[in-house]
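*Asks:* Just dropping this structure here.
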Amino acid sequence: MAAYNPGEIIVDPADVEPELDTIDLHVNVGPQHPATHGVFRMVLQIDGEVVKDAIPHIGYMHRGAEKLSENLDYRQAIGFQDRTDYLGGFNCELAYVQAIEKLTNLEPPERALYIRTILTEFNRITSHFMFLGAFGTDLGVFGTSFTYAFREREYIQDLFEAVSGDRFMYAYFRPGGVAWDVPADFKDKVRWLCKQALVGASDLDKLLTDNEIFIARCHNVGRITLEDAIDYGLTGPTLRASVGYRSATPSDISPDLTFDLRRDEPYCIYDRFDFDVPLGSNGDSYDRYLVRLEEIRQSVRIIQQAVEQMPDGPILPARVPRLRPGPNEVYMRCENPRGEYGLYLISRGGTGPYRLRIRGASFCNLSALKKMTVGYYVADAVTILGSLDIVLCEVDR
Amino acid sequence: MEVNNEPPAQPPAVGPEVTQPAPATMPPAQEAPVAVAEVVSAPEVHIRRSVGVELESLRLQPIELEQPKALYRSVLPGILQVPADYVIAAARKSSLWPMTFGLACCAIEMIATYMSHHDLDRFGIVPWPSPRQCDVMIVAGTVTKKMAPAVKLLYQQMPNPKWVISMGACATNGGPYTRYDRVLQGVDKIIPVDVYVPGCPPRPEALMDGFIALQNKIMEERGRVG
Amino acid sequence: MSPEERRPQAVIVPPEPGTIADLFAEALPGVAVTPHQGVTDVILIIGRDDAPNVLATARTDPRLSFDFLRNLSGVDYEEDGLEVVYHLFSYKHRHNVTIRAKVPTDDPRIGSVAGLWAAADWHEREARDMFGIVFEGHPNMVPLLLPEDMFDHYPLRKDNPLAPLEEWQGEALGDMMAQAGHIPPGSGYDVVAAEEGE
């Protein structure tokens, strides 16, 4: 018998029983399904077990954050940014306040920049822990990976609560800095949490990475080439996992690109830190998992450097002007845990944004679902959807 | 067996046709009582209601159920019924199985409440994905008008007795997104809600408080539900 | 205050020589392109009829080689019409550009770029839902975010107001809520309750 590569189709149904006239089945997955990705519906057209077509239907969580932000003040609209990508709230707030700072030429003080970086990287860690928990649950480790992941998240959320007052809808960043100073034991807590996050990451590593069922379900499942990924607008760990998997006619990519906006188009103070960007070689779900697991460790590296360099000082400029930027526009992009989170902010002299277009990373990542799912089995469809790590509020806004 | 929440075939007319013979302890009905034979012919009285409501008096009253009663209600009525009610209500409240219906950000706090830090399993609350085997539906997150038919269908798929906890500001009245015209301003527009848990998102302790309030409610209404 | 004072126009600052605007001028000699320097990128303002040509050149020309469509958004400038804004990035040359195509409000059509970038598929469907801009040549123009049966107005247009707060929460429920003892006013049951002398 030929070698069995998990994820590849080994039998063409037409060869087996050519006289059997079958029809394709349309299976509706969602909008309520046990995988906790939110309200997402996909209609799978399957022939036996093989997925022939996957049509995603979104819009069940379309709440109009863009429209509502237009009717609010600049500072009031920070609350909507938290709720767009709720697992990476600080990343979204960072993009938003930086967009306003670019329009108004505000320079936040150094201490504020370091606080922002540390909290943003911790948010990346909590988001990746959530992914590891949810991905394991999707694949059948029902509950165990979630329990491990949430243990770490609770520790880090205690820090967030001590700093900003809320566990995950912070509204803590302000244009020009942060709202108030951090508590006195911030640095000690941060150092302890770094060690704890590494322990948690290694726990989940031991649970999942070498598990042969996990490998069988993820390896070679949902492969996408780098050229296709760029064409579909994929960004973030989903794109970085495909860097080694080029199509038959590879296009030219600049050799010093890392596909990570913290390195390629540095914002905030990321150019002061030394960290690696994990890149995958196979473009499948297993690589997407490995990339995110390694990113936790790299984020810890950034935090450890930042907390040593963090100075004392003010956290807002001496005088924050009234936020009424003149007619101008900016497209501020930041590296969210899910990919590139872009905010196209147009101001026209008012107290609030004239147009705030949110380019959510999950929105673009999800558009490639059909490309990644067709040709694989039905069970792989859940794996691929889980490995994309989408947040429906970012898809639908 | 019909479920409770289908609307009756005709609008419930208040009048002699729908009067049910009132129990001896209750104040006399406003209309003249009608013989049972006439009542049975009206279709709506065959619908078994889990909450007995007299439309004329408009408050919760125990009613005589037309369906065959449970044995404990007919044998030694009043004596065996009370402890049995207590035991049944205590059993129901101690093993509430919520349907995992996390829609948006509140889902993350709901999951955090299930997890080991704020454990809900110690109350007997086990999240269960299938609506056919659940008692409670926690609507956690914004309900949009596109999602509303699905919410209604899931509610109807749950067997009686069932309760609904509306978690978060969005499920209560639309929350921060209430002014957008594609958002349903509160899930109680389409399904009846038992407990509202405010917050954006509510803390895990607040959700636990909501569950305890629901447990108290189940114990309070123990004599009055079927 | 006159409308001009209330809504100040942006001053167009031409970009420095040597930026991407020069490459566009080389690649598209005959096309009227107004470049100006934005906060982070160079912004090119073009007319809607030139848009398919400009974008196809941006995709295919080896000096430009924009293979990543970052963002495609619609904007409603009320008197100045609608706009479709494209943010592009090139992984080969590592340069960015923003292209704004003006579209009149009464005739909101523009050529689709879904054939150039697969990412444009969903972005264009959303722009159609939100603004009513018709993308000609799009393969699958069905509503993306809005429910199919509620497609009567475009939410992100400026003349579309926010929803009013509904006063009574149980307004549309009627029979079912009455059974549970919850009587919405104006449903008819409250009149009945008054008649019964409760």
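The chains in the structure tokens are called A, B, ... from first to last as shown; in each chain the residues are counted from 1, and the ligands are counted from 1 in the order shown.
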Going by DSSP on the backbone, which bits of segment 11-74 of chain C are strand (DSSP E)? Write them as a ChimeraX atom specification, please.
*Replies:* /C:34-37,42-47,68-74
*Asks:* Residues of the last selection are to be written out with C-alpha atoms, as a short mmCIF file (atom, residue, chain, number, x, y, z; two decimals), in the first residue's frame.
*Replies:*
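Result file out-v9.cif:
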data_model
loop_
_atom_site.label_atom_id
_atom_site.label_comp_id
_atom_site.auth_asym_id
_atom_site.auth_seq_id
_atom_site.Cartn_x
_atom_site.Cartn_y
_atom_site.Cartn_z
CA THR C 34 -2.36 64.24 -8.79
CA PRO C 35 0.28 63.15 -6.33
CA HIS C 36 0.64 64.48 -2.86
CA GLN C 37 2.63 63.56 0.19
CA VAL C 42 2.42 59.11 -1.15
CA ILE C 43 -1.19 59.61 -2.20
CA LEU C 44 -2.25 59.62 -5.84
CA ILE C 45 -5.64 61.02 -6.79
CA ILE C 46 -7.04 59.73 -10.04
CA GLY C 47 -10.32 59.78 -11.85
CA PHE C 68 -0.28 43.16 -1.82
CA LEU C 69 -3.57 44.99 -1.62
CA ARG C 70 -3.55 46.12 1.96
CA ASN C 71 -6.90 47.81 2.09
CA LEU C 72 -9.72 48.92 -0.14
CA SER C 73 -12.18 51.29 1.42
CA GLY C 74 -15.00 53.54 0.40
#
*Asks:* I want to know what sits within 10 Å of segment 205-212 of chain B, based on only C-alpha atoms, with residues of the same chain fewer than 4 positions away left out; could you give that as a ChimeraX atom specification?
*Replies:* /B:93,96,109-110,113-114,118-120,123,125,136,138,165-168,194-199,201,216-218
*Asks:* For chain C, list the residues within 9 Å of chain A, counting only C-alpha atoms, and write the list as an MDAnalysis selection string.
*Replies:* chainID C and resid 6:11 38:41 67:76 87 90:94 98 116:123 144:147 155:157 162
*Asks:* Take the residues just selected and output them with N, CA and C atoms as a CSV table (one decimal), in the first residue's frame.
*Replies:*
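Dumped to out28.csv:
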chain,number,residue,atom,x,y,z
C,6,ARG,N,-16.4,75.6,7.4
C,6,ARG,CA,-16.7,74.5,8.3
C,6,ARG,C,-15.9,73.3,7.9
C,7,ARG,N,-15.7,73.1,6.6
C,7,ARG,CA,-15.0,71.9,6.2
C,7,ARG,C,-13.7,72.3,5.4
C,8,PRO,N,-12.7,72.5,6.1
C,8,PRO,CA,-11.5,73.0,5.4
C,8,PRO,C,-10.9,71.9,4.5
C,9,GLN,N,-10.4,72.3,3.4
C,9,GLN,CA,-9.9,71.4,2.4
C,9,GLN,C,-8.4,71.2,2.7
C,10,ALA,N,-7.9,70.0,2.4
C,10,ALA,CA,-6.5,69.7,2.7
C,10,ALA,C,-5.6,70.4,1.7
C,11,VAL,N,-4.5,70.9,2.2
C,11,VAL,CA,-3.6,71.6,1.3
C,11,VAL,C,-2.8,70.5,0.6
C,38,GLY,N,1.4,62.3,1.8
C,38,GLY,CA,0.6,62.1,3.0
C,38,GLY,C,1.5,62.0,4.2
C,39,VAL,N,0.9,61.6,5.3
C,39,VAL,CA,1.6,61.5,6.5
C,39,VAL,C,2.7,60.4,6.4
C,40,THR,N,2.3,59.2,5.9
C,40,THR,CA,3.2,58.1,5.8
C,40,THR,C,3.5,57.7,4.4
C,41,ASP,N,2.5,57.8,3.5
C,41,ASP,CA,2.7,57.3,2.1
C,41,ASP,C,2.5,58.5,1.2
C,67,ASP,N,2.1,43.8,-5.2
C,67,ASP,CA,1.4,42.5,-5.1
C,67,ASP,C,0.5,42.4,-3.9
C,68,PHE,N,0.5,43.3,-3.1
C,68,PHE,CA,-0.3,43.2,-1.8
C,68,PHE,C,-1.3,44.3,-1.7
C,69,LEU,N,-2.5,44.0,-1.8
C,69,LEU,CA,-3.6,45.0,-1.6
C,69,LEU,C,-3.9,45.0,-0.1
C,70,ARG,N,-3.4,46.1,0.5
C,70,ARG,CA,-3.5,46.1,2.0
C,70,ARG,C,-5.0,46.4,2.3
C,71,ASN,N,-5.6,47.3,1.6
C,71,ASN,CA,-6.9,47.8,2.1
C,71,ASN,C,-7.6,48.4,0.9
C,72,LEU,N,-8.9,48.3,0.9
C,72,LEU,CA,-9.7,48.9,-0.1
C,72,LEU,C,-10.9,49.5,0.6
C,73,SER,N,-11.1,50.8,0.6
C,73,SER,CA,-12.2,51.3,1.4
C,73,SER,C,-12.9,52.3,0.6
C,74,GLY,N,-14.2,52.5,1.0
C,74,GLY,CA,-15.0,53.5,0.4
C,74,GLY,C,-15.1,54.7,1.4
C,75,VAL,N,-15.2,55.9,0.9
C,75,VAL,CA,-15.3,57.1,1.7
C,75,VAL,C,-16.5,57.9,1.2
C,76,ASP,N,-17.2,58.5,2.0
C,76,ASP,CA,-18.3,59.4,1.6
C,76,ASP,C,-18.0,60.8,2.0
C,87,HIS,N,-5.0,51.0,-0.8
C,87,HIS,CA,-3.6,51.0,-0.1
C,87,HIS,C,-2.8,49.8,-0.6
C,90,SER,N,4.3,46.7,-2.0
C,90,SER,CA,5.1,45.8,-2.9
C,90,SER,C,6.1,45.0,-2.0
C,91,TYR,N,5.9,43.6,-2.0
C,91,TYR,CA,6.9,42.8,-1.3
C,91,TYR,C,8.2,42.8,-2.0
C,92,LYS,N,8.3,43.1,-3.3
C,92,LYS,CA,9.5,43.0,-4.0
C,92,LYS,C,10.4,44.3,-3.8
C,93,HIS,N,9.8,45.4,-3.9
C,93,HIS,CA,10.5,46.7,-3.8
C,93,HIS,C,10.3,47.3,-2.4
C,94,ARG,N,9.4,46.8,-1.6
C,94,ARG,CA,9.1,47.4,-0.3
C,94,ARG,C,8.7,48.8,-0.3
C,98,THR,N,-0.8,55.0,-1.8
C,98,THR,CA,-2.3,55.1,-1.6
C,98,THR,C,-2.9,55.7,-2.8
C,116,LEU,N,-7.3,41.3,-10.3
C,116,LEU,CA,-5.8,41.6,-10.0
C,116,LEU,C,-5.4,41.1,-8.7
C,117,TRP,N,-6.2,41.3,-7.7
C,117,TRP,CA,-5.8,40.8,-6.3
C,117,TRP,C,-7.0,40.0,-5.8
C,118,ALA,N,-6.7,38.8,-5.3
C,118,ALA,CA,-7.8,38.0,-4.8
C,118,ALA,C,-8.4,38.6,-3.5
C,119,ALA,N,-7.6,39.5,-2.8
C,119,ALA,CA,-8.0,40.1,-1.6
C,119,ALA,C,-9.1,41.1,-1.8
C,120,ALA,N,-9.2,41.6,-3.1
C,120,ALA,CA,-10.2,42.6,-3.3
C,120,ALA,C,-11.6,42.1,-3.3
C,121,ASP,N,-11.8,40.8,-3.4
C,121,ASP,CA,-13.1,40.2,-3.5
C,121,ASP,C,-14.0,40.7,-2.3
C,122,TRP,N,-13.5,40.4,-1.1
C,122,TRP,CA,-14.3,40.7,0.0
C,122,TRP,C,-14.4,42.2,0.3
C,123,HIS,N,-13.3,42.9,0.1
C,123,HIS,CA,-13.3,44.3,0.3
C,123,HIS,C,-14.3,45.0,-0.5
C,144,LEU,N,-22.2,40.9,1.8
C,144,LEU,CA,-21.3,40.2,2.6
C,144,LEU,C,-21.6,40.4,4.1
C,145,LEU,N,-21.8,41.6,4.5
C,145,LEU,CA,-22.0,41.9,6.0
C,145,LEU,C,-23.5,42.1,6.3
C,146,LEU,N,-24.2,42.7,5.4
C,146,LEU,CA,-25.6,43.0,5.8
C,146,LEU,C,-26.5,41.8,5.4
C,147,PRO,N,-27.6,41.7,6.2
C,147,PRO,CA,-28.5,40.6,5.9
C,147,PRO,C,-29.2,40.8,4.5
C,155,PRO,N,-25.4,51.8,5.1
C,155,PRO,CA,-25.2,52.4,6.5
C,155,PRO,C,-24.1,53.5,6.6
C,156,LEU,N,-23.0,53.3,5.8
C,156,LEU,CA,-21.9,54.3,6.1
C,156,LEU,C,-22.0,55.5,5.3
C,157,ARG,N,-23.1,55.7,4.5
C,157,ARG,CA,-23.2,57.0,3.9
C,157,ARG,C,-23.6,58.0,4.9
C,162,LEU,N,-28.1,57.4,12.6
C,162,LEU,CA,-28.1,56.3,13.6
C,162,LEU,C,-29.5,55.9,14.0
*Asks:* List as JSON lines every residue of chain B that is in contact with chain C, defined as an atom at most 6 Å from one of its atoms (using only C-alpha atoms), together with the nearest atom pair and the distance in Å rounded to one decimal, sorted by chain and then rising number.
*Replies:*
{"residue": "B:Pro7", "atom": "CA", "partner": "C:Met176", "partner_atom": "CA", "distance": 6.0}
{"residue": "B:Lys146", "atom": "CA", "partner": "C:Pro147", "partner_atom": "CA", "distance": 5.3}
{"residue": "B:Arg179", "atom": "CA", "partner": "C:Ala163", "partner_atom": "CA", "distance": 4.7}
{"residue": "B:Tyr180", "atom": "CA", "partner": "C:Ala163", "partner_atom": "CA", "distance": 5.4}
{"residue": "B:Asp181", "atom": "CA", "partner": "C:Ala163", "partner_atom": "CA", "distance": 5.0}
{"residue": "B:Lys189", "atom": "CA", "partner": "C:Gly170", "partner_atom": "CA", "distance": 5.4}
*Asks:* Write the selection just made, keeping C-alpha atoms, as a PDB file, in the first residue's frame?
*Replies:*
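And here's again26.pdb as it stands now:
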ATOM      1  CA  PRO B   7     -48.004  31.340  20.071  1.00  0.00           C
ATOM      2  CA  LYS B 146     -28.932  38.788  10.839  1.00  0.00           C
ATOM      3  CA  ARG B 179     -27.549  52.999  17.864  1.00  0.00           C
ATOM      4  CA  TYR B 180     -26.636  50.932  14.822  1.00  0.00           C
ATOM      5  CA  ASP B 181     -29.690  49.876  12.910  1.00  0.00           C
ATOM      6  CA  LYS B 189     -37.030  41.309  21.896  1.00  0.00           C
TER       7      LYS B 189
END
*Asks:* Which neighbours of segment 153-164 of chain B fall inside 8 Å, counting only C-alpha atoms, when residues of the same chain fewer than 3 positions from it are skipped, and could you give them as a PyMOL selection string?
*Replies:* chain B and resi 3-5+50+131-139+149-150+191-195
*Asks:* Taking only C-alpha atoms into account and nothing else, which residues of chain B lie no more than 9 Å away from chain A? Please answer as a PyMOL selection string.
*Replies:* chain B and resi 100-105+107-108+111-112+115-117+128-130+142-148+150-151+154+176-183+200-201+203
*Asks:* Mind the document's chain letters and residue numbers, and return as a PDB file with N, CA, C and O atoms, in the first residue's frame the residues of segment 250-313 of chain A that DSSP labels helix (DSSP H, G or I).
*Replies:*
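Saved the output as states_33.pdb:
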ATOM      1  N   LEU A 261       5.428  43.486  10.721  1.00  0.00           N
ATOM      2  CA  LEU A 261       5.475  44.943  10.654  1.00  0.00           C
ATOM      3  C   LEU A 261       6.325  45.544  11.750  1.00  0.00           C
ATOM      4  O   LEU A 261       6.749  46.692  11.633  1.00  0.00           O
ATOM      5  N   ARG A 262       6.582  44.785  12.815  1.00  0.00           N
ATOM      6  CA  ARG A 262       7.424  45.354  13.863  1.00  0.00           C
ATOM      7  C   ARG A 262       8.859  45.483  13.389  1.00  0.00           C
ATOM      8  O   ARG A 262       9.643  46.276  13.920  1.00  0.00           O
ATOM      9  N   ARG A 263       9.208  44.669  12.394  1.00  0.00           N
ATOM     10  CA  ARG A 263      10.556  44.740  11.835  1.00  0.00           C
ATOM     11  C   ARG A 263      10.593  45.515  10.529  1.00  0.00           C
ATOM     12  O   ARG A 263      11.478  46.322  10.298  1.00  0.00           O
ATOM     13  N   ASP A 264       9.606  45.290   9.659  1.00  0.00           N
ATOM     14  CA  ASP A 264       9.679  45.881   8.328  1.00  0.00           C
ATOM     15  C   ASP A 264       9.323  47.354   8.327  1.00  0.00           C
ATOM     16  O   ASP A 264       9.934  48.143   7.620  1.00  0.00           O
ATOM     17  N   TYR A 270       9.854  49.489  18.608  1.00  0.00           N
ATOM     18  CA  TYR A 270      10.271  48.120  18.358  1.00  0.00           C
ATOM     19  C   TYR A 270      11.656  48.017  17.743  1.00  0.00           C
ATOM     20  O   TYR A 270      12.267  46.953  17.776  1.00  0.00           O
ATOM     21  N   ASP A 271      12.162  49.101  17.155  1.00  0.00           N
ATOM     22  CA  ASP A 271      13.490  48.985  16.565  1.00  0.00           C
ATOM     23  C   ASP A 271      14.591  48.996  17.615  1.00  0.00           C
ATOM     24  O   ASP A 271      15.757  48.825  17.274  1.00  0.00           O
ATOM     25  N   ARG A 272      14.240  49.176  18.890  1.00  0.00           N
ATOM     26  CA  ARG A 272      15.289  49.158  19.911  1.00  0.00           C
ATOM     27  C   ARG A 272      15.515  47.780  20.495  1.00  0.00           C
ATOM     28  O   ARG A 272      16.405  47.594  21.316  1.00  0.00           O
ATOM     29  N   SER A 285      -1.169  23.881   8.783  1.00  0.00           N
ATOM     30  CA  SER A 285      -1.694  24.291  10.095  1.00  0.00           C
ATOM     31  C   SER A 285      -0.678  24.053  11.200  1.00  0.00           C
ATOM     32  O   SER A 285      -0.623  24.790  12.176  1.00  0.00           O
ATOM     33  N   TYR A 286       0.132  23.022  11.046  1.00  0.00           N
ATOM     34  CA  TYR A 286       1.123  22.744  12.078  1.00  0.00           C
ATOM     35  C   TYR A 286       2.131  23.862  12.172  1.00  0.00           C
ATOM     36  O   TYR A 286       2.538  24.269  13.252  1.00  0.00           O
ATOM     37  N   ASP A 287       2.538  24.397  11.031  1.00  0.00           N
ATOM     38  CA  ASP A 287       3.475  25.509  11.056  1.00  0.00           C
ATOM     39  C   ASP A 287       2.846  26.754  11.650  1.00  0.00           C
ATOM     40  O   ASP A 287       3.504  27.518  12.353  1.00  0.00           O
ATOM     41  N   ARG A 288       1.555  26.965  11.368  1.00  0.00           N
ATOM     42  CA  ARG A 288       0.900  28.140  11.972  1.00  0.00           C
ATOM     43  C   ARG A 288       0.871  28.017  13.482  1.00  0.00           C
ATOM     44  O   ARG A 288       1.062  29.000  14.208  1.00  0.00           O
ATOM     45  N   TYR A 289       0.668  26.809  13.953  1.00  0.00           N
ATOM     46  CA  TYR A 289       0.700  26.589  15.406  1.00  0.00           C
ATOM     47  C   TYR A 289       2.098  26.838  15.955  1.00  0.00           C
ATOM     48  O   TYR A 289       2.274  27.528  16.971  1.00  0.00           O
ATOM     49  N   LEU A 290       3.114  26.295  15.272  1.00  0.00           N
ATOM     50  CA  LEU A 290       4.481  26.451  15.774  1.00  0.00           C
ATOM     51  C   LEU A 290       4.925  27.904  15.764  1.00  0.00           C
ATOM     52  O   LEU A 290       5.618  28.359  16.667  1.00  0.00           O
ATOM     53  N   VAL A 291       4.522  28.633  14.734  1.00  0.00           N
ATOM     54  CA  VAL A 291       4.910  30.047  14.648  1.00  0.00           C
ATOM     55  C   VAL A 291       4.345  30.811  15.837  1.00  0.00           C
ATOM     56  O   VAL A 291       5.040  31.598  16.487  1.00  0.00           O
ATOM     57  N   ARG A 292       3.074  30.551  16.155  1.00  0.00           N
ATOM     58  CA  ARG A 292       2.489  31.295  17.271  1.00  0.00           C
ATOM     59  C   ARG A 292       3.095  30.884  18.601  1.00  0.00           C
ATOM     60  O   ARG A 292       3.281  31.717  19.491  1.00  0.00           O
ATOM     61  N   LEU A 293       3.419  29.598  18.741  1.00  0.00           N
ATOM     62  CA  LEU A 293       4.036  29.158  19.994  1.00  0.00           C
ATOM     63  C   LEU A 293       5.383  29.838  20.181  1.00  0.00           C
ATOM     64  O   LEU A 293       5.734  30.310  21.268  1.00  0.00           O
ATOM     65  N   GLU A 294       6.151  29.925  19.100  1.00  0.00           N
ATOM     66  CA  GLU A 294       7.456  30.558  19.221  1.00  0.00           C
ATOM     67  C   GLU A 294       7.337  32.056  19.420  1.00  0.00           C
ATOM     68  O   GLU A 294       8.180  32.672  20.078  1.00  0.00           O
ATOM     69  N   GLU A 295       6.272  32.644  18.877  1.00  0.00           N
ATOM     70  CA  GLU A 295       6.110  34.095  19.059  1.00  0.00           C
ATOM     71  C   GLU A 295       5.882  34.451  20.508  1.00  0.00           C
ATOM     72  O   GLU A 295       6.213  35.558  20.942  1.00  0.00           O
ATOM     73  N   ILE A 296       5.302  33.527  21.288  1.00  0.00           N
ATOM     74  CA  ILE A 296       5.156  33.810  22.717  1.00  0.00           C
ATOM     75  C   ILE A 296       6.534  34.005  23.329  1.00  0.00           C
ATOM     76  O   ILE A 296       6.780  34.948  24.097  1.00  0.00           O
ATOM     77  N   ARG A 297       7.449  33.126  22.973  1.00  0.00           N
ATOM     78  CA  ARG A 297       8.785  33.224  23.560  1.00  0.00           C
ATOM     79  C   ARG A 297       9.490  34.492  23.098  1.00  0.00           C
ATOM     80  O   ARG A 297      10.206  35.129  23.882  1.00  0.00           O
ATOM     81  N   GLN A 298       9.305  34.863  21.843  1.00  0.00           N
ATOM     82  CA  GLN A 298       9.952  36.083  21.367  1.00  0.00           C
ATOM     83  C   GLN A 298       9.342  37.318  22.013  1.00  0.00           C
ATOM     84  O   GLN A 298      10.038  38.293  22.306  1.00  0.00           O
ATOM     85  N   SER A 299       8.050  37.282  22.272  1.00  0.00           N
ATOM     86  CA  SER A 299       7.435  38.423  22.967  1.00  0.00           C
ATOM     87  C   SER A 299       7.985  38.549  24.377  1.00  0.00           C
ATOM     88  O   SER A 299       8.202  39.657  24.878  1.00  0.00           O
ATOM     89  N   VAL A 300       8.222  37.421  25.026  1.00  0.00           N
ATOM     90  CA  VAL A 300       8.812  37.479  26.362  1.00  0.00           C
ATOM     91  C   VAL A 300      10.189  38.110  26.291  1.00  0.00           C
ATOM     92  O   VAL A 300      10.583  38.906  27.157  1.00  0.00           O
ATOM     93  N   ARG A 301      10.920  37.784  25.222  1.00  0.00           N
ATOM     94  CA  ARG A 301      12.248  38.412  25.059  1.00  0.00           C
ATOM     95  C   ARG A 301      12.124  39.922  24.964  1.00  0.00           C
ATOM     96  O   ARG A 301      12.900  40.663  25.574  1.00  0.00           O
ATOM     97  N   ILE A 302      11.167  40.384  24.179  1.00  0.00           N
ATOM     98  CA  ILE A 302      10.999  41.835  24.028  1.00  0.00           C
ATOM     99  C   ILE A 302      10.663  42.458  25.371  1.00  0.00           C
ATOM    100  O   ILE A 302      11.219  43.496  25.762  1.00  0.00           O
ATOM    101  N   ILE A 303       9.754  41.816  26.115  1.00  0.00           N
ATOM    102  CA  ILE A 303       9.328  42.407  27.383  1.00  0.00           C
ATOM    103  C   ILE A 303      10.499  42.462  28.355  1.00  0.00           C
ATOM    104  O   ILE A 303      10.680  43.445  29.087  1.00  0.00           O
ATOM    105  N   GLN A 304      11.311  41.413  28.358  1.00  0.00           N
ATOM    106  CA  GLN A 304      12.432  41.412  29.296  1.00  0.00           C
ATOM    107  C   GLN A 304      13.412  42.525  28.978  1.00  0.00           C
ATOM    108  O   GLN A 304      13.965  43.157  29.885  1.00  0.00           O
ATOM    109  N   GLN A 305      13.627  42.798  27.696  1.00  0.00           N
ATOM    110  CA  GLN A 305      14.505  43.919  27.372  1.00  0.00           C
ATOM    111  C   GLN A 305      13.844  45.246  27.709  1.00  0.00           C
ATOM    112  O   GLN A 305      14.480  46.163  28.211  1.00  0.00           O
ATOM    113  N   ALA A 306      12.537  45.332  27.436  1.00  0.00           N
ATOM    114  CA  ALA A 306      11.867  46.622  27.659  1.00  0.00           C
ATOM    115  C   ALA A 306      11.824  46.983  29.131  1.00  0.00           C
ATOM    116  O   ALA A 306      11.965  48.150  29.500  1.00  0.00           O
ATOM    117  N   VAL A 307      11.603  45.994  29.978  1.00  0.00           N
ATOM    118  CA  VAL A 307      11.445  46.330  31.392  1.00  0.00           C
ATOM    119  C   VAL A 307      12.771  46.754  31.992  1.00  0.00           C
ATOM    120  O   VAL A 307      12.815  47.530  32.948  1.00  0.00           O
ATOM    121  N   GLU A 308      13.891  46.294  31.409  1.00  0.00           N
ATOM    122  CA  GLU A 308      15.175  46.769  31.914  1.00  0.00           C
ATOM    123  C   GLU A 308      15.452  48.193  31.459  1.00  0.00           C
ATOM    124  O   GLU A 308      16.088  48.968  32.156  1.00  0.00           O
ATOM    125  N   GLN A 309      14.967  48.531  30.269  1.00  0.00           N
ATOM    126  CA  GLN A 309      15.283  49.856  29.732  1.00  0.00           C
ATOM    127  C   GLN A 309      14.276  50.912  30.147  1.00  0.00           C
ATOM    128  O   GLN A 309      14.449  52.074  29.812  1.00  0.00           O
TER     129      GLN A 309
END
*Asks:* Name the residues in contact with segment 170-180 of chain A at a cut-off of 8 Å, using only C-alpha atoms, excluding same-chain residues fewer than 6 positions from it; report them as an NGL selection string.
*Replies:* :A and (75 or 78-79 or 82 or 89-90 or 93-94 or 97-98 or 100-101 or 106-109 or 112-113 or 116 or 160 or 164 or 315-317 or 320)
*Asks:* Hey, what's within 9 Å of Glu110 of chain A if we count only C-alpha atoms and toss same-chain stuff fewer than 3 positions away? As a PyMOL selection string, please?
*Replies:* chain A and resi 113-115+177+310-315
*Asks:* If you count only C-alpha atoms, which residues fall within 12 Å of Asp380 of chain A, apart from same-chain ones fewer than 5 positions away, as a ChimeraX atom specification?
*Replies:* /A:6-9,44,49-51,54,138-139,214,216-223,284-286,369,372-375,385-387
